[in-house]
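Asks: Structure below; questions to follow.
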Amino acid sequence: MKTTLLTIGLALTIISCNNSKTEKRAAETTNETTAKAENTAASDQEGEKAITPIIDAYLAVKNGLVNDNQEEAAKSGGTLATALASLDISQFDADKQTELQEIVEVAKNHGEHISESEIGHQREHFEALSKDIKDLTAIIGTDRTLYHQYCPMYNDNKGGMWLSASEEIKNPLFGDKMMKCGKVQEVISL
Amino acid sequence: MKKAAIIILILGIGIQFIPVPKNQSDEVSKTDFLQTVEAPFNIQQMIKASCYDCHSNNTNYPWYGRVRPFAWLLQQHIDEGKDELNFSTFQEYSGRMQREKIRSMISQISDGEMPLKEYLWMHPEAELTNDEKEQLIKYLETLNP
């Protein structure tokens with residue numbers, strides 16, 4: 001008898017706790033979007049330095065996926081989301097800030113999904129994320145040479161791309177299943 | 001035994017007085033996805049029937065939808081759904097985010113992850129046939145060339 005009541009009570013508490021969690025998450029995102037827009041363009045070099053933790057985390061996600069390691073990719077996806085959130089957009093040219101803001105927002109969303117998904121889903125988000133990271137380097141530059149690599153077989157032969165710090169092909173979209181699928185399409189240099 | 005039943009009954013009635021916000025709005029949002037993309041009628045019907053209950057500001061509640069504790073569970077699903085994608089405010093997303101949301105819709109529908117199985121148990125009418133899925137994906141792909 002008592003246990004029945006206890007179970008009901010417990011169930012109710014769990015339900016109400018879950019509700020407040022979503023509210024908190026929504027509040028956090030609004031805080032992050034209130035970034036200041038100041039026109040203080042930094043030198044190229046500073047922009048390149050600012051992207052270092054982002055590229056580090058992105059490549060760590062990629063390596064996790066190359067190794068078919070969901071946990072490693074998830075952990076790095078979280079790191080990437082944090083790195084993106086702490087990028088100070090106000091240091092870049094005023095006319096680029098809106099686009100940067102949009103790229104960062106979408107890329108952060110990918111990082112968050114990667115941090116909490118199974119590996120197939122991680123790969124989908126990673127493929128889309130790769131385009132955003134490439135667009136990011138087009139605006140703020142890169143701190144190292146990156147190789148834009150492409151495998152035409154991904155996603156039912158629709159193809160998929162990613163960035164790597166090494167010229168050698170190790171496919172993060174297939175992992176061990178098709179490690180060598182891909183070729184370098186473009187070199188993004190310093 | 002009788003006492004327990006009475007207590008459960010009282011609790012069951014009592015929780016009905018705990019307020020749950022209602023996800024309904026009379027306003028037709030100017031930022032609504034279907035308002036702005038001008039999709040063909042059958043596509044609109046599919047998206048409304050299969051997605052809008054959890055992914056818009058207008059839920060078509062089932063009869064048990066206001067009965068606690070089901071109302072709380074429903075509310076949680078709706079909150080999470082709208083957090084991920086809200087068709088009512090689709091135009092408020094940046095262009096880049098809109099393309100990402102459409103990419104994600106295509107992938108979720110073709111993987112059979114959406115609509116959620118739990119949702120389909122109670123809403124068999126929301127289930128998409130393979131043919132409908134194909135039409136929907138084809139249409140969404142025209143938005144994301």
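Numbering starts fresh at 1 for the residues of each chain in the structure tokens, the chains themselves are lettered A, B, ... in the order given, and ligands are numbered from 1 as they appear.
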Using only C-alpha atoms, determine which residues lie at most 12 Å from stretch 118-133 of chain B, disregarding the query and same-chain residues fewer than 3 positions distant; provide the list as number ranges by chain.
Replies: B: 42-54, 60-65, 73-74, 77-78, 81, 105-115, 136-140
Asks: Output the selection as a CSV table (one decimal), in the first residue's frame - C-alpha atoms for each residue.
Replies:
chain,number,residue,atom,x,y,z
B,42,ASN,CA,-1.3,17.5,-49.6
B,43,ILE,CA,2.1,18.4,-48.2
B,44,GLN,CA,0.6,20.9,-45.8
B,45,GLN,CA,-1.9,18.3,-44.6
B,46,MET,CA,0.9,15.8,-44.0
B,47,ILE,CA,3.1,18.2,-42.0
B,48,LYS,CA,0.1,19.5,-40.0
B,49,ALA,CA,-1.1,16.0,-39.1
B,50,SER,CA,2.2,14.4,-38.4
B,51,CYS,CA,4.4,17.2,-37.0
B,52,TYR,CA,2.5,20.2,-35.7
B,53,ASP,CA,1.2,18.7,-32.4
B,54,CYS,CA,4.7,18.8,-31.0
B,60,ASN,CA,-4.5,19.5,-31.2
B,61,TYR,CA,-5.0,17.9,-27.8
B,62,PRO,CA,-6.5,14.4,-27.5
B,63,TRP,CA,-9.3,13.9,-24.9
B,64,TYR,CA,-6.9,12.7,-22.2
B,65,GLY,CA,-4.5,15.6,-23.1
B,73,LEU,CA,4.1,14.0,-20.2
B,74,LEU,CA,2.5,15.6,-23.2
B,77,HIS,CA,7.2,16.2,-25.3
B,78,ILE,CA,5.9,19.4,-26.7
B,81,GLY,CA,9.8,19.2,-29.7
B,105,MET,CA,13.7,16.9,-41.2
B,106,ILE,CA,14.7,15.0,-44.3
B,107,SER,CA,17.0,12.8,-42.3
B,108,GLN,CA,14.6,12.1,-39.4
B,109,ILE,CA,11.8,11.2,-41.8
B,110,SER,CA,13.8,8.9,-44.0
B,111,ASP,CA,15.4,7.2,-41.0
B,112,GLY,CA,11.9,6.7,-39.6
B,113,GLU,CA,12.8,8.5,-36.4
B,114,MET,CA,10.0,11.0,-36.8
B,115,PRO,CA,7.1,11.0,-36.1
B,136,LEU,CA,7.4,14.8,-48.3
B,137,ILE,CA,11.2,14.3,-48.7
B,138,LYS,CA,11.1,15.2,-52.3
B,139,TYR,CA,9.3,18.4,-51.5
B,140,LEU,CA,11.7,19.3,-48.7
Asks: Report as a list in words all protein, DNA and RNA residues lying within 8 Å of B:Asn57, evaluated on only C-alpha atoms, omitting residues in the same chain fewer than 6 positions from it.
Replies: Asn23, Gln24, Ser25, Asn86, Phe87 and Ser88 of chain B
Asks: Please determine the contact residues of chain B with respect to chain A at a cut-off of 12 Å, counting only C-alpha atoms, and supply them as a PyMOL selection string.
Replies: chain B and resi 1-12+15+18-21+68-85+93-104+106-108+110-111+113
Asks: According to DSSP computed on the backbone, where in stretch 22-189 of chain A is there strand (DSSP E)? Give the residues as a list in words.
Replies: Leu146, Tyr147, His148, Gln149, Tyr150, Cys151, Gly160, Met161, Trp162, Leu163, Ser164, Lys183, Val184, Gln185, Glu186, Val187 and Ile188 of chain A
Asks: Given the selection you just returned, output its residues as a file containing all heavy atoms, formatted as a short mmCIF file (atom, residue, chain, number, x, y, z; two decimals), in the first residue's frame.
Replies:
data_model
loop_
_atom_site.label_atom_id
_atom_site.label_comp_id
_atom_site.auth_asym_id
_atom_site.auth_seq_id
_atom_site.Cartn_x
_atom_site.Cartn_y
_atom_site.Cartn_z
N LEU A 146 44.56 22.84 -43.51
CA LEU A 146 43.48 21.86 -43.42
C LEU A 146 43.19 21.31 -44.82
O LEU A 146 43.29 22.04 -45.81
CB LEU A 146 42.21 22.51 -42.86
CG LEU A 146 42.24 22.93 -41.38
CD1 LEU A 146 41.01 23.75 -41.03
CD2 LEU A 146 42.34 21.71 -40.47
N TYR A 147 42.83 20.03 -44.88
CA TYR A 147 42.53 19.40 -46.15
C TYR A 147 41.03 19.11 -46.20
O TYR A 147 40.49 18.41 -45.34
CB TYR A 147 43.33 18.10 -46.30
CG TYR A 147 44.82 18.38 -46.29
CD1 TYR A 147 45.53 18.42 -45.08
CD2 TYR A 147 45.51 18.63 -47.48
CE1 TYR A 147 46.88 18.70 -45.05
CE2 TYR A 147 46.86 18.92 -47.46
CZ TYR A 147 47.55 18.95 -46.25
OH TYR A 147 48.89 19.25 -46.24
N HIS A 148 40.38 19.70 -47.19
CA HIS A 148 38.96 19.44 -47.43
C HIS A 148 38.89 18.12 -48.20
O HIS A 148 39.36 18.03 -49.33
CB HIS A 148 38.39 20.61 -48.23
CG HIS A 148 37.00 20.39 -48.77
ND1 HIS A 148 36.20 21.43 -49.18
CD2 HIS A 148 36.27 19.28 -48.97
CE1 HIS A 148 35.04 20.94 -49.61
NE2 HIS A 148 35.06 19.64 -49.50
N GLN A 149 38.33 17.10 -47.57
CA GLN A 149 38.28 15.77 -48.18
C GLN A 149 36.85 15.36 -48.45
O GLN A 149 35.93 15.80 -47.75
CB GLN A 149 39.01 14.77 -47.26
CG GLN A 149 40.45 15.23 -47.01
CD GLN A 149 41.23 14.36 -46.05
OE1 GLN A 149 40.68 13.75 -45.15
NE2 GLN A 149 42.55 14.32 -46.24
N TYR A 150 36.67 14.53 -49.45
CA TYR A 150 35.32 14.21 -49.93
C TYR A 150 35.20 12.74 -50.30
O TYR A 150 36.06 12.19 -51.00
CB TYR A 150 35.02 15.09 -51.15
CG TYR A 150 33.69 14.82 -51.80
CD1 TYR A 150 32.52 15.37 -51.26
CD2 TYR A 150 33.59 14.04 -52.95
CE1 TYR A 150 31.29 15.14 -51.86
CE2 TYR A 150 32.37 13.80 -53.55
CZ TYR A 150 31.22 14.36 -53.00
OH TYR A 150 29.99 14.12 -53.59
N CYS A 151 34.14 12.12 -49.82
CA CYS A 151 33.86 10.72 -50.20
C CYS A 151 32.51 10.70 -50.89
O CYS A 151 31.49 11.05 -50.30
CB CYS A 151 33.84 9.83 -48.95
SG CYS A 151 33.07 8.22 -49.20
N GLY A 160 29.78 13.15 -49.12
CA GLY A 160 29.95 13.89 -47.88
C GLY A 160 31.38 14.37 -47.73
O GLY A 160 32.31 13.75 -48.24
N MET A 161 31.54 15.52 -47.04
CA MET A 161 32.87 16.09 -46.89
C MET A 161 33.26 16.24 -45.42
O MET A 161 32.44 16.13 -44.53
CB MET A 161 32.96 17.45 -47.58
CG MET A 161 32.00 18.54 -47.11
SD MET A 161 32.55 19.54 -45.70
CE MET A 161 34.01 20.35 -46.32
N TRP A 162 34.57 16.43 -45.19
CA TRP A 162 35.07 16.74 -43.84
C TRP A 162 36.42 17.43 -43.99
O TRP A 162 36.95 17.52 -45.10
CB TRP A 162 35.20 15.46 -43.01
CG TRP A 162 36.26 14.51 -43.51
CD1 TRP A 162 37.57 14.44 -43.10
CD2 TRP A 162 36.10 13.49 -44.51
NE1 TRP A 162 38.23 13.45 -43.79
CE2 TRP A 162 37.36 12.85 -44.67
CE3 TRP A 162 35.03 13.05 -45.30
CZ2 TRP A 162 37.57 11.80 -45.57
CZ3 TRP A 162 35.25 12.02 -46.21
CH2 TRP A 162 36.49 11.40 -46.33
N LEU A 163 36.95 17.93 -42.89
CA LEU A 163 38.26 18.57 -42.90
C LEU A 163 39.22 17.73 -42.07
O LEU A 163 38.83 17.13 -41.07
CB LEU A 163 38.18 19.98 -42.29
CG LEU A 163 37.21 20.96 -42.94
CD1 LEU A 163 37.14 22.25 -42.12
CD2 LEU A 163 37.60 21.26 -44.38
N SER A 164 40.48 17.69 -42.53
CA SER A 164 41.48 16.94 -41.79
C SER A 164 42.76 17.76 -41.75
O SER A 164 43.02 18.57 -42.64
CB SER A 164 41.73 15.60 -42.50
OG SER A 164 42.86 14.97 -41.92
N LYS A 183 38.97 11.68 -51.27
CA LYS A 183 40.14 12.33 -51.86
C LYS A 183 40.18 13.79 -51.41
O LYS A 183 39.16 14.34 -50.98
CB LYS A 183 40.09 12.21 -53.39
CG LYS A 183 38.84 12.79 -54.02
CD LYS A 183 38.98 12.80 -55.53
CE LYS A 183 37.94 13.69 -56.17
NZ LYS A 183 36.75 13.10 -56.68
N VAL A 184 41.37 14.37 -51.51
CA VAL A 184 41.51 15.77 -51.13
C VAL A 184 40.92 16.62 -52.25
O VAL A 184 41.26 16.46 -53.40
CB VAL A 184 42.98 16.14 -50.92
CG1 VAL A 184 43.13 17.65 -50.67
CG2 VAL A 184 43.57 15.36 -49.75
N GLN A 185 40.00 17.52 -51.88
CA GLN A 185 39.39 18.38 -52.88
C GLN A 185 39.98 19.77 -52.88
O GLN A 185 39.94 20.47 -53.88
CB GLN A 185 37.88 18.48 -52.63
CG GLN A 185 37.12 17.32 -53.25
CD GLN A 185 35.68 17.69 -53.51
OE1 GLN A 185 35.08 18.44 -52.76
NE2 GLN A 185 35.11 17.13 -54.55
N GLU A 186 40.47 20.18 -51.73
CA GLU A 186 40.97 21.53 -51.61
C GLU A 186 41.89 21.62 -50.41
O GLU A 186 41.69 20.93 -49.42
CB GLU A 186 39.76 22.47 -51.40
CG GLU A 186 40.08 23.94 -51.55
CD GLU A 186 38.87 24.82 -51.16
OE1 GLU A 186 37.72 24.34 -51.29
OE2 GLU A 186 39.11 25.95 -50.73
N VAL A 187 42.93 22.44 -50.54
CA VAL A 187 43.81 22.66 -49.40
C VAL A 187 43.55 24.06 -48.86
O VAL A 187 43.58 25.04 -49.59
CB VAL A 187 45.31 22.52 -49.81
CG1 VAL A 187 46.21 22.74 -48.59
CG2 VAL A 187 45.57 21.17 -50.44
N ILE A 188 43.20 24.13 -47.57
CA ILE A 188 42.96 25.42 -46.94
C ILE A 188 44.22 25.78 -46.18
O ILE A 188 44.53 25.15 -45.15
CB ILE A 188 41.76 25.35 -45.98
CG1 ILE A 188 40.52 24.83 -46.73
CG2 ILE A 188 41.47 26.71 -45.35
CD1 ILE A 188 39.42 24.34 -45.81
#
Asks: Give me, please, the distance in Å between atom CA of A:Ile169 and atom CA of A:His113, quoted to one decimal.
Replies: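 Interatomic distance, atom CA of A:Ile169 to atom CA of A:His113: 25.2 Å.
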Asks: Have a look at atom CA of A:Asp93 and atom CA of B:Thr89 and let me know their distance in Å, one decimal.
Replies: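 Between atom CA of A:Asp93 and atom CA of B:Thr89 the gap is 29.3 Å.
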Asks: Could you give me, as a ChimeraX atom specification, the residues within 6 Å of A:Val61, counting only C-alpha atoms and dropping anything in the same chain fewer than 3 positions from it?
Replies: /A:58,64,73,76
